[in-house]
>>> print(open('model_17.pdb').read())   # PDB, C-alpha atoms
ATOM      1  CA  MET A  14     131.608 112.936  27.138
ATOM      2  CA  ASN A  15     134.091 115.772  26.628
ATOM      3  CA  LYS A  16     136.845 115.306  29.218
ATOM      4  CA  VAL A  17     140.567 115.898  28.864
ATOM      5  CA  ILE A  18     143.276 115.080  31.398
ATOM      6  CA  GLY A  19     146.832 116.231  30.894
ATOM      7  CA  VAL A  20     150.003 116.018  32.953
ATOM      8  CA  GLY A  21     152.976 118.074  31.906
ATOM      9  CA  ASN A  22     155.299 120.985  32.459
ATOM     10  CA  VAL A  23     154.266 124.591  31.922
ATOM     11  CA  GLY A  24     156.035 125.714  28.768
ATOM     12  CA  GLY A  25     156.052 129.464  29.126
ATOM     13  CA  GLU A  26     154.686 132.459  30.921
ATOM     14  CA  VAL A  27     151.127 132.363  32.241
ATOM     15  CA  LYS A  28     149.212 135.094  30.436
ATOM     16  CA  PHE A  29     146.657 136.740  32.701
ATOM     17  CA  ASN A  30     143.824 139.101  31.775
ATOM     18  CA  GLU A  31     142.026 140.883  34.576
ATOM     19  CA  ALA A  32     140.537 143.622  32.392
ATOM     20  CA  SER A  33     137.291 141.726  31.879
ATOM     21  CA  GLU A  34     134.715 140.881  34.545
ATOM     22  CA  THR A  35     135.969 137.304  34.689
ATOM     23  CA  HIS A  36     139.727 136.835  35.088
ATOM     24  CA  VAL A  37     141.353 134.636  32.441
ATOM     25  CA  ALA A  38     144.665 132.740  32.620
ATOM     26  CA  ARG A  39     146.183 131.168  29.498
ATOM     27  CA  PHE A  40     149.115 128.779  29.573
ATOM     28  CA  SER A  41     150.429 125.715  27.787
ATOM     29  CA  ILE A  42     151.769 122.432  29.075
ATOM     30  CA  ALA A  43     154.062 119.950  27.332
ATOM     31  CA  CYS A  44     152.885 116.356  27.690
ATOM     32  CA  ASN A  45     155.355 113.587  26.925
ATOM     33  CA  ASP A  46     154.667 109.999  25.953
ATOM     34  CA  ARG A  47     156.503 107.987  28.603
ATOM     35  CA  ARG A  48     156.503 104.903  26.366
ATOM     36  CA  ASN A  49     158.329 106.681  23.522
ATOM     37  CA  LYS A  50     161.173 108.845  24.825
ATOM     38  CA  ASP A  51     162.064 110.037  21.288
ATOM     39  CA  ALA A  52     158.609 111.469  20.556
ATOM     40  CA  LYS A  53     158.149 115.226  20.554
ATOM     41  CA  PRO A  54     155.930 116.568  23.335
ATOM     42  CA  GLU A  55     152.302 117.366  22.637
ATOM     43  CA  TRP A  56     151.394 120.917  23.657
ATOM     44  CA  LEU A  57     148.043 121.557  25.323
ATOM     45  CA  ASN A  58     146.768 125.133  25.287
ATOM     46  CA  CYS A  59     144.937 125.652  28.573
ATOM     47  CA  VAL A  60     142.504 128.369  29.656
ATOM     48  CA  ALA A  61     141.198 128.919  33.194
ATOM     49  CA  PHE A  62     138.585 131.416  34.379
ATOM     50  CA  GLY A  63     137.627 133.152  37.623
ATOM     51  CA  LYS A  64     139.197 132.170  40.933
ATOM     52  CA  LEU A  65     141.054 129.256  39.352
ATOM     53  CA  ALA A  66     142.689 131.737  36.961
ATOM     54  CA  ASP A  67     143.733 133.872  39.950
ATOM     55  CA  VAL A  68     145.377 130.886  41.671
ATOM     56  CA  ILE A  69     147.176 129.831  38.486
ATOM     57  CA  HIS A  70     148.385 133.385  37.872
ATOM     58  CA  GLN A  71     149.698 133.666  41.405
ATOM     59  CA  TYR A  72     151.453 130.310  41.796
ATOM     60  CA  VAL A  73     152.206 128.679  38.436
ATOM     61  CA  LYS A  74     155.500 129.432  36.714
ATOM     62  CA  GLN A  75     157.319 128.105  33.674
ATOM     63  CA  GLY A  76     158.690 124.613  34.332
ATOM     64  CA  HIS A  77     156.201 123.677  37.065
ATOM     65  CA  LYS A  78     154.543 120.285  36.621
ATOM     66  CA  LEU A  79     150.729 120.308  36.604
ATOM     67  CA  TYR A  80     147.808 117.939  36.364
ATOM     68  CA  VAL A  81     144.988 119.657  34.474
ATOM     69  CA  GLU A  82     141.481 118.421  33.908
ATOM     70  CA  GLY A  83     138.848 120.053  31.761
ATOM     71  CA  ARG A  84     137.004 119.955  28.470
ATOM     72  CA  MET A  85     138.139 120.505  24.912
ATOM     73  CA  SER A  86     136.905 123.604  23.108
ATOM     74  CA  THR A  87     137.561 124.808  19.559
ATOM     75  CA  ARG A  88     137.508 128.490  18.664
ATOM     76  CA  GLU A  89     138.039 130.482  15.486
ATOM     77  CA  TYR A  90     140.329 133.512  15.450
ATOM     78  CA  GLU A  91     141.213 135.428  12.280
ATOM     79  CA  GLY A  92     140.198 132.536  10.049
ATOM     80  CA  LYS A  93     142.177 129.898  11.957
ATOM     81  CA  TYR A  94     140.891 127.272  14.353
ATOM     82  CA  TYR A  95     142.461 126.652  17.769
ATOM     83  CA  THR A  96     141.801 123.903  20.286
ATOM     84  CA  ASP A  97     141.954 124.825  23.976
ATOM     85  CA  ILE A  98     141.471 122.904  27.185
ATOM     86  CA  ILE A  99     138.988 124.771  29.397
ATOM     87  CA  VAL A 100     140.434 123.915  32.804
ATOM     88  CA  ASN A 101     138.082 123.149  35.695
ATOM     89  CA  ASP A 102     140.613 121.424  37.983
ATOM     90  CA  VAL A 103     144.366 121.744  38.475
ATOM     91  CA  GLU A 104     146.774 120.001  40.830
ATOM     92  CA  PHE A 105     150.317 121.130  41.537
ATOM     93  CA  LEU A 106     152.708 118.199  41.052
ATOM     94  CA  THR A 107     155.949 120.089  41.613
ATOM     95  CA  THR A 108     157.275 119.873  45.165
ATOM     96  CA  LYS A 109     158.060 123.076  47.024
ATOM     97  CA  ALA A 110     161.817 122.390  46.788
ATOM     98  CA  GLU A 111     161.579 121.754  43.030
ATOM     99  CA  ALA A 112     159.475 124.897  42.577
ATOM    100  CA  GLU A 113     162.057 127.007  44.405
ATOM    101  CA  ARG A 114     164.840 125.573  42.220
ATOM    102  CA  ILE A 115     162.832 126.190  39.037
ATOM    103  CA  ASP A 116     161.850 129.700  40.134
ATOM    104  CA  ALA A 117     165.473 130.522  40.958
ATOM    105  CA  THR A 118     166.455 129.787  37.354
ATOM    106  CA  ASN A 119     163.361 131.441  35.795
ATOM    107  CA  GLY A 120     163.005 134.538  37.965
ATOM    108  CA  PRO A 121     161.835 135.662  41.377
ATOM    109  CA  SER A 122     160.230 133.044  43.592
ATOM    110  CA  THR A 123     156.788 133.317  45.192
ATOM    111  CA  ASP A 124     155.246 131.356  48.037
ATOM    112  CA  VAL A 125     154.002 128.141  46.443
ATOM    113  CA  PRO A 126     151.170 126.220  48.189
ATOM    114  CA  TYR A 127     152.691 122.717  48.021
TER     115      TYR A 127
END
>>> encode(input="model_17.pdb", output="structure tokens")
Amino acid sequence: MNKVIGVGNVGGEVKFNEASETHVARFSIACNDRRNKDAKPEWLNCVAFGKLADVIHQYVKQGHKLYVEGRMSTREYEGKYYTDIIVNDVEFLTTKAEAERIDATNGPSTDVPY
């Protein structure tokens, strides 16, 4: 079984590509080990396609907390290998008030469906 579940904060801008037939959203989340506060976060590179990519592009901003579920996929690019999480489910864990506070510090706010 190839299933990955991650909970963490979005670490940067959501990159969105609508040039192809299928829309693609790329983003990363930082997952912390709650048992070891001194450990560095593990970064998960996430990729979503289609309507899910549209929703992520519209509502997800840097600093928002997400639950992502998907499968692990390895790809080769310019001689290097990268591991991505192909997202098939996402849940918004940031409350609307938290999202507005985060968006105020990171840029303009949008209507968040929380």
>>> atom_distance(input="model_17.pdb", atom1="CA of Val20 (chain A)", atom2="CA of Val73 (chain A)")
14.0 Å
>>> residues_around(input="model_17.pdb", residues="Gly24 (chain A)", least_positions_apart="5", cutoff="8 Å", atoms="all atoms listed in the file", output="ChimeraX atom specification")
/A:40-43,75-76
>>> residues_around(input="model_17.pdb", residues="region 99-112 of chain A", least_positions_apart="2", cutoff="8 Å", atoms="all atoms listed in the file", output="JSON list (two decimals) with C-alpha atoms, in the coordinates of the input")
[["chain", "number", "residue", "atom", "x", "y", "z"],
["A", 59, "CYS", "CA", 144.94, 125.65, 28.57],
["A", 60, "VAL", "CA", 142.50, 128.37, 29.66],
["A", 61, "ALA", "CA", 141.20, 128.92, 33.19],
["A", 62, "PHE", "CA", 138.58, 131.42, 34.38],
["A", 65, "LEU", "CA", 141.05, 129.26, 39.35],
["A", 77, "HIS", "CA", 156.20, 123.68, 37.06],
["A", 78, "LYS", "CA", 154.54, 120.28, 36.62],
["A", 79, "LEU", "CA", 150.73, 120.31, 36.60],
["A", 80, "TYR", "CA", 147.81, 117.94, 36.36],
["A", 81, "VAL", "CA", 144.99, 119.66, 34.47],
["A", 82, "GLU", "CA", 141.48, 118.42, 33.91],
["A", 83, "GLY", "CA", 138.85, 120.05, 31.76],
["A", 84, "ARG", "CA", 137.00, 119.96, 28.47],
["A", 85, "MET", "CA", 138.14, 120.50, 24.91],
["A", 86, "SER", "CA", 136.90, 123.60, 23.11],
["A", 97, "ASP", "CA", 141.95, 124.82, 23.98],
["A", 114, "ARG", "CA", 164.84, 125.57, 42.22],
["A", 115, "ILE", "CA", 162.83, 126.19, 39.04],
["A", 116, "ASP", "CA", 161.85, 129.70, 40.13],
["A", 125, "VAL", "CA", 154.00, 128.14, 46.44],
["A", 126, "PRO", "CA", 151.17, 126.22, 48.19],
["A", 127, "TYR", "CA", 152.69, 122.72, 48.02]]
>>> closest_residue(input="model_17.pdb", among="A:Arg39, A:Val23, A:Asn58, A:Ala66", to="Thr96 (chain A)", atoms="all atoms listed in the file")
A:Asn58
>>> atom_distance(input="model_17.pdb", atom1="CA of Lys93 (chain A)", atom2="CA of Glu55 (chain A)")
19.3 Å
>>> closest_residue(input="model_17.pdb", among="A:Asp51, A:Glu34, A:Glu91, A:Asp46", to="Lys64 (chain A)", atoms="all atoms listed in the file")
A:Glu34
>>> atom_distance(input="model_17.pdb", atom1="CA of Ala38 (chain A)", atom2="CA of Gln71 (chain A)")
10.2 Å
>>> resolve_selection(input="model_17.pdb", expression="the PyMOL selection byres ((chain A and resi 45) around 9)", output="PyMOL selection string")
chain A and resi 20-21+43-44+46-50+52-56
>>> write_last_selection(input="model_17.pdb", atoms="C-alpha atoms", output="mmCIF file, keeping the file's coordinate frame")
data_model
loop_
_atom_site.group_PDB
_atom_site.id
_atom_site.type_symbol
_atom_site.label_atom_id
_atom_site.label_comp_id
_atom_site.auth_asym_id
_atom_site.auth_seq_id
_atom_site.Cartn_x
_atom_site.Cartn_y
_atom_site.Cartn_z
ATOM 1 C CA VAL A 20 150.003 116.018 32.953
ATOM 2 C CA GLY A 21 152.976 118.074 31.906
ATOM 3 C CA ALA A 43 154.062 119.950 27.332
ATOM 4 C CA CYS A 44 152.885 116.356 27.690
ATOM 5 C CA ASP A 46 154.667 109.999 25.953
ATOM 6 C CA ARG A 47 156.503 107.987 28.603
ATOM 7 C CA ARG A 48 156.503 104.903 26.366
ATOM 8 C CA ASN A 49 158.329 106.681 23.522
ATOM 9 C CA LYS A 50 161.173 108.845 24.825
ATOM 10 C CA ALA A 52 158.609 111.469 20.556
ATOM 11 C CA LYS A 53 158.149 115.226 20.554
ATOM 12 C CA PRO A 54 155.930 116.568 23.335
ATOM 13 C CA GLU A 55 152.302 117.366 22.637
ATOM 14 C CA TRP A 56 151.394 120.917 23.657
#
>>> residues_around(input="model_17.pdb", residues="Gly63 (chain A)", least_positions_apart="4", cutoff="8 Å", atoms="all atoms listed in the file", output="compact mmCIF listing (two decimals) with C-alpha atoms, in the frame of the given file")
# COMPACT_ATOMS: atom_id res chain seq x y z
CA THR A 35 135.97 137.30 34.69
CA HIS A 36 139.73 136.84 35.09
CA VAL A 37 141.35 134.64 32.44
CA ASP A 67 143.73 133.87 39.95
>>> build_atoms(input="model_17.pdb", residues="region 40-69 of chain A", atoms="N, CA and C atoms", output="PDB file, keeping the file's coordinate frame")
ATOM      1  N   PHE A  40     147.793 129.370  29.469  1.00  0.00           N
ATOM      2  CA  PHE A  40     149.115 128.779  29.573  1.00  0.00           C
ATOM      3  C   PHE A  40     149.133 127.496  28.764  1.00  0.00           C
ATOM      4  N   SER A  41     150.322 126.972  28.521  1.00  0.00           N
ATOM      5  CA  SER A  41     150.429 125.715  27.787  1.00  0.00           C
ATOM      6  C   SER A  41     151.281 124.742  28.586  1.00  0.00           C
ATOM      7  N   ILE A  42     150.964 123.464  28.431  1.00  0.00           N
ATOM      8  CA  ILE A  42     151.769 122.432  29.075  1.00  0.00           C
ATOM      9  C   ILE A  42     152.249 121.443  28.014  1.00  0.00           C
ATOM     10  N   ALA A  43     153.465 120.942  28.223  1.00  0.00           N
ATOM     11  CA  ALA A  43     154.062 119.950  27.332  1.00  0.00           C
ATOM     12  C   ALA A  43     153.855 118.573  27.940  1.00  0.00           C
ATOM     13  N   CYS A  44     153.154 117.726  27.226  1.00  0.00           N
ATOM     14  CA  CYS A  44     152.885 116.356  27.690  1.00  0.00           C
ATOM     15  C   CYS A  44     153.735 115.392  26.876  1.00  0.00           C
ATOM     16  N   ASN A  45     154.480 114.561  27.577  1.00  0.00           N
ATOM     17  CA  ASN A  45     155.355 113.587  26.925  1.00  0.00           C
ATOM     18  C   ASN A  45     154.736 112.203  26.981  1.00  0.00           C
ATOM     19  N   ASP A  46     155.063 111.402  25.978  1.00  0.00           N
ATOM     20  CA  ASP A  46     154.667 109.999  25.953  1.00  0.00           C
ATOM     21  C   ASP A  46     155.768 109.202  26.644  1.00  0.00           C
ATOM     22  N   ARG A  47     155.474 108.690  27.830  1.00  0.00           N
ATOM     23  CA  ARG A  47     156.503 107.987  28.603  1.00  0.00           C
ATOM     24  C   ARG A  47     156.960 106.710  27.916  1.00  0.00           C
ATOM     25  N   ARG A  48     156.132 106.144  27.053  1.00  0.00           N
ATOM     26  CA  ARG A  48     156.503 104.903  26.366  1.00  0.00           C
ATOM     27  C   ARG A  48     157.478 105.152  25.223  1.00  0.00           C
ATOM     28  N   ASN A  49     157.463 106.357  24.653  1.00  0.00           N
ATOM     29  CA  ASN A  49     158.329 106.681  23.522  1.00  0.00           C
ATOM     30  C   ASN A  49     159.130 107.932  23.860  1.00  0.00           C
ATOM     31  N   LYS A  50     160.328 107.734  24.373  1.00  0.00           N
ATOM     32  CA  LYS A  50     161.173 108.845  24.825  1.00  0.00           C
ATOM     33  C   LYS A  50     161.610 109.755  23.684  1.00  0.00           C
ATOM     34  N   ASP A  51     161.612 109.239  22.430  1.00  0.00           N
ATOM     35  CA  ASP A  51     162.064 110.037  21.288  1.00  0.00           C
ATOM     36  C   ASP A  51     160.961 110.908  20.697  1.00  0.00           C
ATOM     37  N   ALA A  52     159.731 110.702  21.106  1.00  0.00           N
ATOM     38  CA  ALA A  52     158.609 111.469  20.556  1.00  0.00           C
ATOM     39  C   ALA A  52     158.650 112.918  21.040  1.00  0.00           C
ATOM     40  N   LYS A  53     158.240 113.815  20.175  1.00  0.00           N
ATOM     41  CA  LYS A  53     158.149 115.226  20.554  1.00  0.00           C
ATOM     42  C   LYS A  53     156.967 115.396  21.498  1.00  0.00           C
ATOM     43  N   PRO A  54     157.057 116.361  22.409  1.00  0.00           N
ATOM     44  CA  PRO A  54     155.930 116.568  23.335  1.00  0.00           C
ATOM     45  C   PRO A  54     154.709 117.129  22.607  1.00  0.00           C
ATOM     46  N   GLU A  55     153.551 116.786  23.108  1.00  0.00           N
ATOM     47  CA  GLU A  55     152.302 117.366  22.637  1.00  0.00           C
ATOM     48  C   GLU A  55     152.007 118.579  23.514  1.00  0.00           C
ATOM     49  N   TRP A  56     151.668 119.692  22.911  1.00  0.00           N
ATOM     50  CA  TRP A  56     151.394 120.917  23.657  1.00  0.00           C
ATOM     51  C   TRP A  56     149.892 121.098  23.809  1.00  0.00           C
ATOM     52  N   LEU A  57     149.449 121.285  25.041  1.00  0.00           N
ATOM     53  CA  LEU A  57     148.043 121.557  25.323  1.00  0.00           C
ATOM     54  C   LEU A  57     147.908 123.027  25.698  1.00  0.00           C
ATOM     55  N   ASN A  58     147.066 123.747  24.954  1.00  0.00           N
ATOM     56  CA  ASN A  58     146.768 125.133  25.287  1.00  0.00           C
ATOM     57  C   ASN A  58     145.636 125.131  26.303  1.00  0.00           C
ATOM     58  N   CYS A  59     145.888 125.707  27.470  1.00  0.00           N
ATOM     59  CA  CYS A  59     144.937 125.652  28.573  1.00  0.00           C
ATOM     60  C   CYS A  59     144.419 127.049  28.899  1.00  0.00           C
ATOM     61  N   VAL A  60     143.139 127.111  29.274  1.00  0.00           N
ATOM     62  CA  VAL A  60     142.504 128.369  29.656  1.00  0.00           C
ATOM     63  C   VAL A  60     141.718 128.129  30.940  1.00  0.00           C
ATOM     64  N   ALA A  61     141.932 129.007  31.926  1.00  0.00           N
ATOM     65  CA  ALA A  61     141.198 128.919  33.194  1.00  0.00           C
ATOM     66  C   ALA A  61     140.513 130.256  33.441  1.00  0.00           C
ATOM     67  N   PHE A  62     139.378 130.220  34.122  1.00  0.00           N
ATOM     68  CA  PHE A  62     138.585 131.416  34.379  1.00  0.00           C
ATOM     69  C   PHE A  62     138.353 131.609  35.872  1.00  0.00           C
ATOM     70  N   GLY A  63     138.045 132.837  36.263  1.00  0.00           N
ATOM     71  CA  GLY A  63     137.627 133.152  37.623  1.00  0.00           C
ATOM     72  C   GLY A  63     138.697 132.939  38.672  1.00  0.00           C
ATOM     73  N   LYS A  64     138.276 132.371  39.809  1.00  0.00           N
ATOM     74  CA  LYS A  64     139.197 132.170  40.933  1.00  0.00           C
ATOM     75  C   LYS A  64     140.318 131.190  40.590  1.00  0.00           C
ATOM     76  N   LEU A  65     140.021 130.192  39.778  1.00  0.00           N
ATOM     77  CA  LEU A  65     141.054 129.256  39.352  1.00  0.00           C
ATOM     78  C   LEU A  65     142.126 129.994  38.551  1.00  0.00           C
ATOM     79  N   ALA A  66     141.725 130.927  37.717  1.00  0.00           N
ATOM     80  CA  ALA A  66     142.689 131.737  36.961  1.00  0.00           C
ATOM     81  C   ALA A  66     143.559 132.563  37.899  1.00  0.00           C
ATOM     82  N   ASP A  67     142.962 133.105  38.962  1.00  0.00           N
ATOM     83  CA  ASP A  67     143.733 133.872  39.950  1.00  0.00           C
ATOM     84  C   ASP A  67     144.798 133.013  40.613  1.00  0.00           C
ATOM     85  N   VAL A  68     144.436 131.797  41.015  1.00  0.00           N
ATOM     86  CA  VAL A  68     145.377 130.886  41.671  1.00  0.00           C
ATOM     87  C   VAL A  68     146.504 130.516  40.710  1.00  0.00           C
ATOM     88  N   ILE A  69     146.167 130.201  39.477  1.00  0.00           N
ATOM     89  CA  ILE A  69     147.176 129.831  38.486  1.00  0.00           C
ATOM     90  C   ILE A  69     148.115 131.003  38.235  1.00  0.00           C
TER      91      ILE A  69
END
